[in-house]
Amino acid sequence: MVSAGAVQLCSYNDRPSLPVGLISAAAVMTLADVLYTAPRLIELLSPGSVAAILATCKHVRETLQETIISIHIPGSSQDLHEGCHQLAHGHWPRLQHLCLMHLQLDTPCVAQLALANWPKLQSLNMSGTHLGDTDLSALIGNSWRQLSSLDISKSPVSAAMVRSLACCNWRLLQHLNLAQTELEADAMAELCKADWPMLISLNISHNPLPPSFTAHLANAN
């Protein structure tokens, strides 16, 4: 779904055919100006059309990137590496919400995303991505200072992965979803070492935690 200031990056194989050669520079600049002053017009564009514009019209692409605040890459994306490349190397100064749920992110994709610069990122959804220890450490090593919500549910999370999370200096983190991640007591012990003063919501439901884990929670920061 495309909402105000949001874009869904889709496979270019699904994009409509655009008569790019017939678009004059003046028309492109006019469209860029319109989108910049009235970003809600993005709602009228289909995801495939937005992806095609991002790929073919430089001025419009730059304007959209400066306007977009939310990106969702569908789990059915056929060209995931291209989408990750756009995210990592594009200029997204206002990006606040990123949804990567159910994507099969391999090491090359993670390596791309680890290079990204999203200074205003607040919400990251990686539910069902099944990242390994090394890949998760590489990705969160980006250290997003504004991050307030992180969802890595429905994927196995080891004690080593939790240790990497706990080391992150996320002073604004409020919501952490670790539901259905096969958490065990040793992972909870690592999680309780984190210093996230703004945390108000921790979802650890549907995990094989023994009763003793409540003692770890009682000693947490």
# chains A, B, ... in the order shown; residues from 1 in each chain; ligands from 1
call {"tool": "residues_around", "arguments": {"residues": "range 134-147 of chain A", "least_positions_apart": "3", "cutoff": "10 Å", "atoms": "only C-alpha atoms", "output": "PyMOL selection string"}}
result
chain A and resi 96-97+105-124+130-131+150+152+157+160-165+167-175
call {"tool": "write_last_selection", "arguments": {"atoms": "N, CA and C atoms", "output": "compact mmCIF listing (two decimals), in the first residue's frame"}}
result
# COMPACT_ATOMS: atom_id res chain seq x y z
N GLN A 96 11.59 7.27 7.96
CA GLN A 96 11.35 6.99 9.38
C GLN A 96 10.92 5.55 9.63
N HIS A 97 10.24 4.93 8.66
CA HIS A 97 9.70 3.59 8.87
C HIS A 97 10.12 2.68 7.72
N LEU A 105 16.61 -12.26 3.36
CA LEU A 105 17.81 -11.44 3.20
C LEU A 105 19.06 -12.31 3.32
N ASP A 106 19.81 -12.37 2.22
CA ASP A 106 21.07 -13.11 2.28
C ASP A 106 22.20 -12.15 2.66
N THR A 107 23.40 -12.69 2.78
CA THR A 107 24.53 -11.88 3.23
C THR A 107 24.83 -10.69 2.31
N PRO A 108 24.77 -10.84 0.97
CA PRO A 108 24.98 -9.67 0.11
C PRO A 108 23.95 -8.56 0.35
N CYS A 109 22.68 -8.93 0.56
CA CYS A 109 21.65 -7.93 0.85
C CYS A 109 21.95 -7.21 2.15
N VAL A 110 22.30 -7.97 3.17
CA VAL A 110 22.60 -7.37 4.47
C VAL A 110 23.82 -6.46 4.37
N ALA A 111 24.82 -6.88 3.61
CA ALA A 111 26.02 -6.05 3.44
C ALA A 111 25.67 -4.72 2.81
N GLN A 112 24.73 -4.72 1.87
CA GLN A 112 24.27 -3.47 1.25
C GLN A 112 23.57 -2.59 2.28
N LEU A 113 22.61 -3.17 3.00
CA LEU A 113 21.82 -2.40 3.95
C LEU A 113 22.66 -1.86 5.11
N ALA A 114 23.72 -2.59 5.44
CA ALA A 114 24.58 -2.14 6.54
C ALA A 114 25.29 -0.83 6.21
N LEU A 115 25.36 -0.49 4.92
CA LEU A 115 26.03 0.75 4.49
C LEU A 115 25.08 1.93 4.43
N ALA A 116 23.80 1.69 4.64
CA ALA A 116 22.79 2.73 4.45
C ALA A 116 22.91 3.86 5.47
N ASN A 117 22.47 5.04 5.05
CA ASN A 117 22.45 6.20 5.93
C ASN A 117 21.01 6.69 6.04
N TRP A 118 20.35 6.31 7.13
CA TRP A 118 18.98 6.73 7.39
C TRP A 118 18.96 7.48 8.72
N PRO A 119 19.29 8.74 8.73
CA PRO A 119 19.48 9.47 9.99
C PRO A 119 18.22 9.62 10.83
N LYS A 120 17.04 9.47 10.22
CA LYS A 120 15.80 9.65 10.98
C LYS A 120 15.01 8.36 11.16
N LEU A 121 15.63 7.21 10.90
CA LEU A 121 14.91 5.95 11.01
C LEU A 121 14.42 5.73 12.44
N GLN A 122 13.11 5.49 12.57
CA GLN A 122 12.50 5.29 13.88
C GLN A 122 11.96 3.88 14.07
N SER A 123 11.49 3.27 12.99
CA SER A 123 10.85 1.97 13.09
C SER A 123 11.43 1.01 12.06
N LEU A 124 11.86 -0.16 12.52
CA LEU A 124 12.42 -1.18 11.63
C LEU A 124 11.75 -2.51 11.91
N HIS A 130 14.68 -14.21 9.43
CA HIS A 130 15.58 -15.33 9.72
C HIS A 130 17.05 -14.97 9.48
N LEU A 131 17.48 -13.86 10.02
CA LEU A 131 18.88 -13.47 9.90
C LEU A 131 19.75 -14.31 10.83
N LEU A 150 11.65 -1.77 17.15
CA LEU A 150 12.36 -2.83 16.43
C LEU A 150 11.57 -4.13 16.56
N ILE A 152 11.87 -8.06 15.44
CA ILE A 152 12.60 -9.18 14.83
C ILE A 152 11.93 -10.50 15.24
N VAL A 157 16.38 -16.33 17.46
CA VAL A 157 17.31 -15.33 17.99
C VAL A 157 18.17 -16.00 19.06
N ALA A 160 23.90 -14.89 21.26
CA ALA A 160 24.88 -14.01 20.63
C ALA A 160 24.19 -12.84 19.93
N MET A 161 23.05 -13.10 19.30
CA MET A 161 22.31 -12.04 18.63
C MET A 161 21.75 -11.05 19.65
N VAL A 162 21.25 -11.56 20.76
CA VAL A 162 20.74 -10.68 21.81
C VAL A 162 21.87 -9.85 22.40
N ARG A 163 23.03 -10.44 22.51
CA ARG A 163 24.19 -9.70 23.02
C ARG A 163 24.51 -8.52 22.11
N SER A 164 24.41 -8.73 20.80
CA SER A 164 24.63 -7.63 19.85
C SER A 164 23.58 -6.54 20.01
N LEU A 165 22.33 -6.95 20.21
CA LEU A 165 21.26 -5.98 20.41
C LEU A 165 21.50 -5.16 21.67
N CYS A 167 24.11 -4.31 23.08
CA CYS A 167 25.24 -3.37 22.99
C CYS A 167 24.88 -2.10 22.23
N CYS A 168 23.72 -2.09 21.58
CA CYS A 168 23.33 -0.93 20.79
C CYS A 168 22.93 0.24 21.70
N ASN A 169 23.39 1.40 21.35
CA ASN A 169 23.10 2.60 22.14
C ASN A 169 21.82 3.26 21.62
N TRP A 170 20.70 2.57 21.83
CA TRP A 170 19.42 3.08 21.37
C TRP A 170 18.71 3.78 22.52
N ARG A 171 19.04 5.03 22.74
CA ARG A 171 18.51 5.76 23.89
C ARG A 171 17.02 6.07 23.75
N LEU A 172 16.49 5.97 22.51
CA LEU A 172 15.08 6.30 22.28
C LEU A 172 14.21 5.07 22.04
N LEU A 173 14.79 3.87 22.14
CA LEU A 173 14.04 2.65 21.87
C LEU A 173 12.90 2.48 22.87
N GLN A 174 11.68 2.31 22.34
CA GLN A 174 10.50 2.15 23.19
C GLN A 174 9.84 0.78 23.04
N HIS A 175 9.93 0.19 21.86
CA HIS A 175 9.23 -1.06 21.60
C HIS A 175 10.18 -2.08 20.97
call {"tool": "select_by_dssp", "arguments": {"residues": "range 78-137 of chain A", "states": "alpha helix (DSSP H)", "output": "tab-separated table (two decimals) with N, CA and C atoms, in the first residue's frame"}}
result
chain	number	residue	atom	x	y	z
A	80	LEU	N	15.23	-8.65	-5.12
A	80	LEU	CA	15.50	-8.15	-3.78
A	80	LEU	C	16.83	-7.42	-3.70
A	81	HIS	N	17.84	-7.91	-4.42
A	81	HIS	CA	19.15	-7.27	-4.37
A	81	HIS	C	19.08	-5.84	-4.92
A	82	GLU	N	18.28	-5.62	-5.97
A	82	GLU	CA	18.14	-4.29	-6.52
A	82	GLU	C	17.44	-3.37	-5.53
A	83	GLY	N	16.40	-3.90	-4.85
A	83	GLY	CA	15.71	-3.10	-3.84
A	83	GLY	C	16.63	-2.71	-2.70
A	84	CYS	N	17.46	-3.64	-2.25
A	84	CYS	CA	18.41	-3.35	-1.17
A	84	CYS	C	19.45	-2.34	-1.62
A	85	HIS	N	19.84	-2.44	-2.89
A	85	HIS	CA	20.81	-1.47	-3.42
A	85	HIS	C	20.22	-0.07	-3.42
A	86	GLN	N	18.94	0.06	-3.82
A	86	GLN	CA	18.27	1.36	-3.80
A	86	GLN	C	18.23	1.93	-2.39
A	87	LEU	N	17.88	1.07	-1.44
A	87	LEU	CA	17.78	1.52	-0.06
A	87	LEU	C	19.14	1.96	0.49
A	88	ALA	N	20.15	1.19	0.18
A	88	ALA	CA	21.46	1.45	0.76
A	88	ALA	C	22.15	2.66	0.16
A	89	HIS	N	21.97	2.87	-1.14
A	89	HIS	CA	22.74	3.91	-1.82
A	89	HIS	C	21.91	5.12	-2.21
A	107	THR	N	23.40	-12.69	2.78
A	107	THR	CA	24.53	-11.88	3.23
A	107	THR	C	24.83	-10.69	2.31
A	108	PRO	N	24.77	-10.84	0.97
A	108	PRO	CA	24.98	-9.67	0.11
A	108	PRO	C	23.95	-8.56	0.35
A	109	CYS	N	22.68	-8.93	0.56
A	109	CYS	CA	21.65	-7.93	0.85
A	109	CYS	C	21.95	-7.21	2.15
A	110	VAL	N	22.30	-7.97	3.17
A	110	VAL	CA	22.60	-7.37	4.47
A	110	VAL	C	23.82	-6.46	4.37
A	111	ALA	N	24.82	-6.88	3.61
A	111	ALA	CA	26.02	-6.05	3.44
A	111	ALA	C	25.67	-4.72	2.81
A	112	GLN	N	24.73	-4.72	1.87
A	112	GLN	CA	24.27	-3.47	1.25
A	112	GLN	C	23.57	-2.59	2.28
A	113	LEU	N	22.61	-3.17	3.00
A	113	LEU	CA	21.82	-2.40	3.95
A	113	LEU	C	22.66	-1.86	5.11
A	133	ASP	N	23.46	-14.84	13.07
A	133	ASP	CA	24.17	-14.01	14.05
A	133	ASP	C	25.00	-12.92	13.39
A	134	THR	N	25.79	-13.30	12.41
A	134	THR	CA	26.70	-12.35	11.76
A	134	THR	C	25.93	-11.28	10.99
A	135	ASP	N	24.89	-11.71	10.28
A	135	ASP	CA	24.12	-10.75	9.48
A	135	ASP	C	23.40	-9.74	10.35
A	136	LEU	N	22.80	-10.19	11.45
A	136	LEU	CA	22.10	-9.26	12.33
A	136	LEU	C	23.08	-8.27	12.95
A	137	SER	N	24.23	-8.77	13.37
A	137	SER	CA	25.25	-7.89	13.97
A	137	SER	C	25.71	-6.83	12.97
call {"tool": "select_by_dssp", "arguments": {"residues": "range 108-156 of chain A", "states": "strand (DSSP E)", "output": "PyMOL selection string"}}
result
chain A and resi 123-125+149-151
call {"tool": "write_last_selection", "arguments": {"atoms": "N, CA and C atoms", "output": "PDB file, in the first residue's frame"}}
result
ATOM      1  N   SER A 123      11.494   3.273  12.989  1.00  0.00           N
ATOM      2  CA  SER A 123      10.852   1.968  13.091  1.00  0.00           C
ATOM      3  C   SER A 123      11.425   1.008  12.056  1.00  0.00           C
ATOM      4  N   LEU A 124      11.861  -0.162  12.515  1.00  0.00           N
ATOM      5  CA  LEU A 124      12.420  -1.178  11.627  1.00  0.00           C
ATOM      6  C   LEU A 124      11.746  -2.511  11.907  1.00  0.00           C
ATOM      7  N   ASN A 125      11.071  -3.062  10.892  1.00  0.00           N
ATOM      8  CA  ASN A 125      10.365  -4.329  11.019  1.00  0.00           C
ATOM      9  C   ASN A 125      11.101  -5.393  10.217  1.00  0.00           C
ATOM     10  N   SER A 149      11.440   1.696  17.556  1.00  0.00           N
ATOM     11  CA  SER A 149      10.694   0.436  17.473  1.00  0.00           C
ATOM     12  C   SER A 149      11.446  -0.568  16.611  1.00  0.00           C
ATOM     13  N   LEU A 150      11.654  -1.770  17.152  1.00  0.00           N
ATOM     14  CA  LEU A 150      12.356  -2.828  16.429  1.00  0.00           C
ATOM     15  C   LEU A 150      11.571  -4.131  16.559  1.00  0.00           C
ATOM     16  N   ASP A 151      11.302  -4.758  15.426  1.00  0.00           N
ATOM     17  CA  ASP A 151      10.563  -6.020  15.400  1.00  0.00           C
ATOM     18  C   ASP A 151      11.401  -7.069  14.690  1.00  0.00           C
TER      19      ASP A 151
END
call {"tool": "closest_residue", "arguments": {"among": "A:Leu95, A:Ile68, A:Ile73, A:Leu176", "to": "Trp196 in chain A", "atoms": "only C-alpha atoms"}}
result
A:Leu176
call {"tool": "atom_distance", "arguments": {"atom1": "CA of Asn203 in chain A", "atom2": "CA of Leu183 in chain A"}}
result
11.2 Å
call {"tool": "decode", "arguments": {"residues": "range 113-155 of chain A", "atoms": "C-alpha atoms", "output": "short mmCIF file (atom, residue, chain, number, x, y, z; two decimals), in the first residue's frame"}}
result
data_model
loop_
_atom_site.label_atom_id
_atom_site.label_comp_id
_atom_site.auth_asym_id
_atom_site.auth_seq_id
_atom_site.Cartn_x
_atom_site.Cartn_y
_atom_site.Cartn_z
CA LEU A 113 21.82 -2.40 3.95
CA ALA A 114 24.58 -2.14 6.54
CA LEU A 115 26.03 0.75 4.49
CA ALA A 116 22.79 2.73 4.45
CA ASN A 117 22.45 6.20 5.93
CA TRP A 118 18.98 6.73 7.39
CA PRO A 119 19.48 9.47 9.99
CA LYS A 120 15.80 9.65 10.98
CA LEU A 121 14.91 5.95 11.01
CA GLN A 122 12.50 5.29 13.88
CA SER A 123 10.85 1.97 13.09
CA LEU A 124 12.42 -1.18 11.63
CA ASN A 125 10.36 -4.33 11.02
CA MET A 126 12.42 -7.44 10.27
CA SER A 127 9.85 -10.00 11.40
CA GLY A 128 10.35 -13.37 9.75
CA THR A 129 13.63 -12.50 8.04
CA HIS A 130 15.58 -15.33 9.72
CA LEU A 131 18.88 -13.47 9.90
CA GLY A 132 21.92 -15.26 11.24
CA ASP A 133 24.17 -14.01 14.05
CA THR A 134 26.70 -12.35 11.76
CA ASP A 135 24.12 -10.75 9.48
CA LEU A 136 22.10 -9.26 12.33
CA SER A 137 25.25 -7.89 13.97
CA ALA A 138 26.30 -6.29 10.68
CA LEU A 139 22.90 -4.70 10.13
CA ILE A 140 22.32 -3.25 13.59
CA GLY A 141 25.91 -2.08 13.63
CA ASN A 142 24.58 0.85 11.61
CA SER A 143 23.55 2.31 14.99
CA TRP A 144 20.40 4.27 14.23
CA ARG A 145 20.24 6.90 16.96
CA GLN A 146 16.54 7.70 16.44
CA LEU A 147 15.29 4.09 16.49
CA SER A 148 12.21 3.72 18.71
CA SER A 149 10.69 0.44 17.47
CA LEU A 150 12.36 -2.83 16.43
CA ASP A 151 10.56 -6.02 15.40
CA ILE A 152 12.60 -9.18 14.83
CA SER A 153 9.86 -11.61 15.81
CA LYS A 154 9.14 -14.97 14.17
CA SER A 155 12.83 -15.72 13.60
#
